[in-house]
Amino acid sequence: LKLVGADQETTIIDGDNAGSVVTFENGENSTAVLSGFTITNGSSEYGGGIYCASSSSPSLENVTISGNSSYGGGGIRCDESSPTLSNVTISGNSSSNYGGGVYLYENSSPILENVTITGNSTGDGGGGIYCWSNSSPGLKNVTITGNSSGYGGGGIYVSYISNPSLENVTITDNTVLEGTGGGIYCHAGS
């Protein structure tokens with residue numbers, strides 16, 4: 001499966017606030033490609049913009065994930081899934097609980113390269129990224145800026161044996177309403 005739009009600025013998939021805009025839940029691998037789209041107006045319990053579940057690990061390329069909301073993972077949520085994100089912008093998403101931009105839930109270790117995570121917010125932890133339970137993303141050439149959380153990890157929240165790898169990553173101007181870790185908060189992770 002390869003779904004390619006003309007370009008992410010003019011080719012829009014609008015979720016009309018009726019659930020996750022795009023869902024991968026059948027064990028898709030890297031040959032499942034989503035490229036050249038803006039994913040917006042998703043509203044769901046898990047993964048407002050994109051929801052990856054059941055060991056699904058698609059390739060997301062040249063994609064903007066913006067203006068989505070959820071209980072957990074406003075922009076994207078991964079449950080035991082490890083997609084590859086390349087040249088992706090995750091901006092202006094929100095969650096009431098964890099991971100305004102990205103929520104990695106249990107055994108999810110995506111690769112993020114040339115990714116911008118900006119202007120996302122959450123009521124709890126991980127305004128930009130929330131890593132939970134053995135979720136260890138690889139970040140290379142990533143900017144995490146202007147995100148906010150209600151409690152802990154305005155930029156990144158790392159918890160329960162999660163060990164992200166960061167190479168050439170900029171984390172700046174993220175905020176926490178109360179708690180600690182405006183940039184990064186580590187709890188039982190490294």
# chains A, B, ... in the order shown; residues from 1 in each chain; ligands from 1
>>> select_by_dssp(residues="range 4-165 of chain A", states="strand (DSSP E or B)", output="CSV table (one decimal) with C-alpha atoms, in the first residue's frame")
chain,number,residue,atom,x,y,z
A,4,VAL,CA,0.9,9.6,-2.1
A,12,ILE,CA,-5.5,17.5,3.0
A,13,ILE,CA,-7.2,14.5,4.7
A,14,ASP,CA,-9.7,16.1,7.0
A,22,VAL,CA,-5.6,7.6,9.6
A,23,THR,CA,-5.4,4.2,11.3
A,24,PHE,CA,-2.9,1.4,10.8
A,33,VAL,CA,3.7,4.4,2.9
A,34,LEU,CA,1.7,7.6,3.6
A,35,SER,CA,3.4,10.6,1.8
A,38,THR,CA,-1.7,17.1,5.8
A,39,ILE,CA,-3.6,15.1,8.4
A,40,THR,CA,-6.1,17.4,10.3
A,43,SER,CA,-10.7,13.7,17.3
A,44,SER,CA,-10.6,10.4,19.1
A,45,GLU,CA,-9.8,8.6,22.3
A,46,TYR,CA,-6.4,7.4,20.9
A,50,ILE,CA,-2.8,8.9,13.2
A,51,TYR,CA,-3.2,5.8,15.3
A,52,CYS,CA,-0.8,2.9,14.8
A,59,SER,CA,6.5,4.8,6.7
A,60,LEU,CA,5.2,8.4,7.0
A,61,GLU,CA,7.0,10.8,4.7
A,62,ASN,CA,6.5,14.5,3.9
A,63,VAL,CA,3.5,14.6,6.2
A,64,THR,CA,2.0,17.4,8.3
A,65,ILE,CA,0.0,16.3,11.3
A,66,SER,CA,-1.8,19.3,12.7
A,69,SER,CA,-7.1,16.1,19.5
A,70,SER,CA,-7.5,13.0,21.6
A,71,TYR,CA,-7.4,11.6,25.1
A,72,GLY,CA,-3.9,10.2,24.5
A,76,ILE,CA,0.0,10.4,16.7
A,77,ARG,CA,-0.3,7.4,19.0
A,78,CYS,CA,1.6,4.2,18.7
A,79,ASP,CA,0.6,1.0,20.6
A,84,THR,CA,9.3,5.6,10.5
A,85,LEU,CA,8.7,9.3,10.3
A,86,SER,CA,10.8,11.3,7.8
A,87,ASN,CA,10.3,15.0,7.0
A,88,VAL,CA,7.2,15.2,9.2
A,89,THR,CA,5.8,18.2,11.0
A,90,ILE,CA,3.6,17.5,14.1
A,91,SER,CA,2.1,20.9,15.2
A,94,SER,CA,-3.7,18.5,21.8
A,95,SER,CA,-4.5,15.7,24.3
A,96,SER,CA,-6.3,15.8,27.5
A,97,ASN,CA,-4.1,13.2,29.1
A,98,TYR,CA,-0.6,12.3,27.6
A,102,VAL,CA,3.2,12.0,20.1
A,103,TYR,CA,2.2,9.2,22.6
A,104,LEU,CA,4.3,6.1,22.5
A,105,TYR,CA,2.5,3.4,24.5
A,111,ILE,CA,12.4,6.4,14.1
A,112,LEU,CA,12.0,10.1,13.7
A,113,GLU,CA,14.3,11.8,11.2
A,114,ASN,CA,14.0,15.5,10.1
A,115,VAL,CA,10.9,16.0,12.2
A,116,THR,CA,9.6,19.2,13.8
A,117,ILE,CA,7.3,18.8,16.9
A,118,THR,CA,5.9,22.3,17.8
A,121,SER,CA,-0.2,20.6,24.3
A,122,THR,CA,-1.4,18.1,26.9
A,129,ILE,CA,6.4,13.4,23.1
A,130,TYR,CA,5.3,10.9,25.9
A,131,CYS,CA,7.3,7.7,26.1
A,132,TRP,CA,5.6,5.0,28.2
A,138,GLY,CA,15.3,7.1,17.8
A,139,LEU,CA,15.4,10.9,17.1
A,140,LYS,CA,17.8,12.4,14.5
A,141,ASN,CA,17.7,16.0,13.3
A,142,VAL,CA,14.5,16.7,15.3
A,143,THR,CA,13.3,20.0,16.7
A,144,ILE,CA,11.0,20.0,19.7
A,145,THR,CA,9.8,23.5,20.5
A,148,SER,CA,3.4,22.6,26.8
A,149,SER,CA,2.2,20.1,29.4
A,150,GLY,CA,0.1,20.4,32.5
A,151,TYR,CA,2.5,18.2,34.5
A,156,ILE,CA,9.6,15.0,26.3
A,157,TYR,CA,8.3,12.8,29.1
A,158,VAL,CA,10.2,9.5,29.5
A,159,SER,CA,8.8,6.8,31.8
A,165,SER,CA,18.1,8.0,21.6
>>> atom_distance(atom1="CA of Ile184 in chain A", atom2="CA of Asn41 in chain A")
27.9 Å
>>> closest_residue(among="A:Gly123, A:Ser133, A:Asn163, A:Thr10", to="Glu178 in chain A", atoms="only C-alpha atoms")
A:Gly123
>>> residues_around(residues="Val176 in chain A", least_positions_apart="4", cutoff="9 Å", atoms="only C-alpha atoms", output="PyMOL selection string")
chain A and resi 125+127+147-155+180-183
>>> atom_distance(atom1="CA of Leu3 in chain A", atom2="CA of Glu28 in chain A")
13.2 Å
>>> residues_around(residues="Asn93 in chain A", least_positions_apart="6", cutoff="7 Å", atoms="only C-alpha atoms", output="PyMOL selection string")
chain A and resi 66-69+74-75+100-101+120-121
>>> write_last_selection(atoms="C-alpha atoms", output="PDB file, in the first residue's frame")
ATOM      1  CA  SER A  66      -1.813  19.345  12.651  1.00  0.00           C
ATOM      2  CA  GLY A  67      -4.947  20.441  14.503  1.00  0.00           C
ATOM      3  CA  ASN A  68      -5.947  17.060  15.945  1.00  0.00           C
ATOM      4  CA  SER A  69      -7.055  16.117  19.464  1.00  0.00           C
ATOM      5  CA  GLY A  74      -3.159  14.311  19.933  1.00  0.00           C
ATOM      6  CA  GLY A  75      -1.048  14.059  16.782  1.00  0.00           C
ATOM      7  CA  GLY A 100       0.099  16.334  22.919  1.00  0.00           C
ATOM      8  CA  GLY A 101       2.167  15.648  19.803  1.00  0.00           C
ATOM      9  CA  ASN A 120       1.412  20.822  20.883  1.00  0.00           C
ATOM     10  CA  SER A 121      -0.180  20.631  24.336  1.00  0.00           C
TER      11      SER A 121
END
>>> decode(residues="range 60-72 of chain A", atoms="all heavy atoms", output="mmCIF file, in the first residue's frame")
data_model
loop_
_atom_site.group_PDB
_atom_site.id
_atom_site.type_symbol
_atom_site.label_atom_id
_atom_site.label_comp_id
_atom_site.auth_asym_id
_atom_site.auth_seq_id
_atom_site.Cartn_x
_atom_site.Cartn_y
_atom_site.Cartn_z
ATOM 1 N N LEU A 60 5.912 7.102 7.229
ATOM 2 C CA LEU A 60 5.245 8.383 7.046
ATOM 3 C C LEU A 60 6.276 9.366 6.529
ATOM 4 O O LEU A 60 7.267 9.632 7.206
ATOM 5 C CB LEU A 60 4.644 8.874 8.365
ATOM 6 C CG LEU A 60 3.779 7.877 9.132
ATOM 7 C CD1 LEU A 60 3.350 8.454 10.467
ATOM 8 C CD2 LEU A 60 2.570 7.460 8.307
ATOM 9 N N GLU A 61 6.060 9.905 5.336
ATOM 10 C CA GLU A 61 7.042 10.769 4.689
ATOM 11 C C GLU A 61 6.371 12.049 4.202
ATOM 12 O O GLU A 61 5.291 12.009 3.621
ATOM 13 C CB GLU A 61 7.658 10.060 3.473
ATOM 14 C CG GLU A 61 8.273 8.707 3.786
ATOM 15 C CD GLU A 61 8.600 7.905 2.531
ATOM 16 O OE1 GLU A 61 8.243 8.336 1.408
ATOM 17 O OE2 GLU A 61 9.214 6.838 2.680
ATOM 18 N N ASN A 62 7.037 13.184 4.424
ATOM 19 C CA ASN A 62 6.527 14.467 3.921
ATOM 20 C C ASN A 62 5.066 14.678 4.321
ATOM 21 O O ASN A 62 4.201 14.925 3.488
ATOM 22 C CB ASN A 62 6.690 14.548 2.397
ATOM 23 C CG ASN A 62 8.118 14.306 1.971
ATOM 24 O OD1 ASN A 62 9.040 14.930 2.489
ATOM 25 N ND2 ASN A 62 8.318 13.379 1.056
ATOM 26 N N VAL A 63 4.812 14.535 5.617
ATOM 27 C CA VAL A 63 3.463 14.620 6.152
ATOM 28 C C VAL A 63 3.416 15.714 7.216
ATOM 29 O O VAL A 63 4.361 15.890 7.989
ATOM 30 C CB VAL A 63 3.033 13.258 6.763
ATOM 31 C CG1 VAL A 63 1.719 13.372 7.513
ATOM 32 C CG2 VAL A 63 2.935 12.194 5.686
ATOM 33 N N THR A 64 2.312 16.458 7.255
ATOM 34 C CA THR A 64 2.021 17.390 8.340
ATOM 35 C C THR A 64 0.836 16.849 9.124
ATOM 36 O O THR A 64 -0.197 16.526 8.534
ATOM 37 C CB THR A 64 1.684 18.795 7.800
ATOM 38 O OG1 THR A 64 2.825 19.319 7.108
ATOM 39 C CG2 THR A 64 1.307 19.741 8.929
ATOM 40 N N ILE A 65 1.016 16.736 10.447
ATOM 41 C CA ILE A 65 -0.047 16.267 11.336
ATOM 42 C C ILE A 65 -0.385 17.445 12.235
ATOM 43 O O ILE A 65 0.388 17.797 13.116
ATOM 44 C CB ILE A 65 0.428 15.048 12.154
ATOM 45 C CG1 ILE A 65 0.918 13.923 11.226
ATOM 46 C CG2 ILE A 65 -0.678 14.551 13.070
ATOM 47 C CD1 ILE A 65 1.709 12.839 11.921
ATOM 48 N N SER A 66 -1.535 18.065 12.007
ATOM 49 C CA SER A 66 -1.813 19.345 12.651
ATOM 50 C C SER A 66 -3.296 19.507 12.983
ATOM 51 O O SER A 66 -4.161 19.090 12.204
ATOM 52 C CB SER A 66 -1.372 20.473 11.710
ATOM 53 O OG SER A 66 -1.583 21.723 12.301
ATOM 54 N N GLY A 67 -3.574 20.105 14.153
ATOM 55 C CA GLY A 67 -4.947 20.441 14.503
ATOM 56 C C GLY A 67 -5.807 19.258 14.878
ATOM 57 O O GLY A 67 -7.013 19.251 14.604
ATOM 58 N N ASN A 68 -5.214 18.244 15.516
ATOM 59 C CA ASN A 68 -5.947 17.060 15.945
ATOM 60 C C ASN A 68 -6.011 17.015 17.465
ATOM 61 O O ASN A 68 -5.203 17.646 18.146
ATOM 62 C CB ASN A 68 -5.249 15.803 15.417
ATOM 63 C CG ASN A 68 -5.122 15.813 13.913
ATOM 64 O OD1 ASN A 68 -6.094 15.593 13.207
ATOM 65 N ND2 ASN A 68 -3.927 16.087 13.413
ATOM 66 N N SER A 69 -6.950 16.224 18.019
ATOM 67 C CA SER A 69 -7.055 16.117 19.464
ATOM 68 C C SER A 69 -7.469 14.714 19.872
ATOM 69 O O SER A 69 -8.070 13.969 19.087
ATOM 70 C CB SER A 69 -8.085 17.128 19.998
ATOM 71 O OG SER A 69 -9.367 16.832 19.493
ATOM 72 N N SER A 70 -7.106 14.360 21.120
ATOM 73 C CA SER A 70 -7.477 13.047 21.650
ATOM 74 C C SER A 70 -7.283 13.011 23.157
ATOM 75 O O SER A 70 -6.763 13.951 23.757
ATOM 76 C CB SER A 70 -6.630 11.947 21.008
ATOM 77 O OG SER A 70 -5.338 11.945 21.584
ATOM 78 N N TYR A 71 -7.658 11.892 23.739
ATOM 79 C CA TYR A 71 -7.386 11.632 25.148
ATOM 80 C C TYR A 71 -5.899 11.340 25.334
ATOM 81 O O TYR A 71 -5.280 11.801 26.270
ATOM 82 C CB TYR A 71 -8.235 10.452 25.627
ATOM 83 C CG TYR A 71 -7.902 9.996 27.020
ATOM 84 C CD1 TYR A 71 -8.333 10.713 28.134
ATOM 85 C CD2 TYR A 71 -7.154 8.843 27.233
ATOM 86 C CE1 TYR A 71 -8.023 10.293 29.418
ATOM 87 C CE2 TYR A 71 -6.842 8.414 28.512
ATOM 88 C CZ TYR A 71 -7.279 9.145 29.607
ATOM 89 O OH TYR A 71 -6.966 8.730 30.871
ATOM 90 N N GLY A 72 -5.303 10.575 24.430
ATOM 91 C CA GLY A 72 -3.880 10.245 24.480
ATOM 92 C C GLY A 72 -3.274 10.214 23.098
ATOM 93 O O GLY A 72 -3.659 9.395 22.267
#
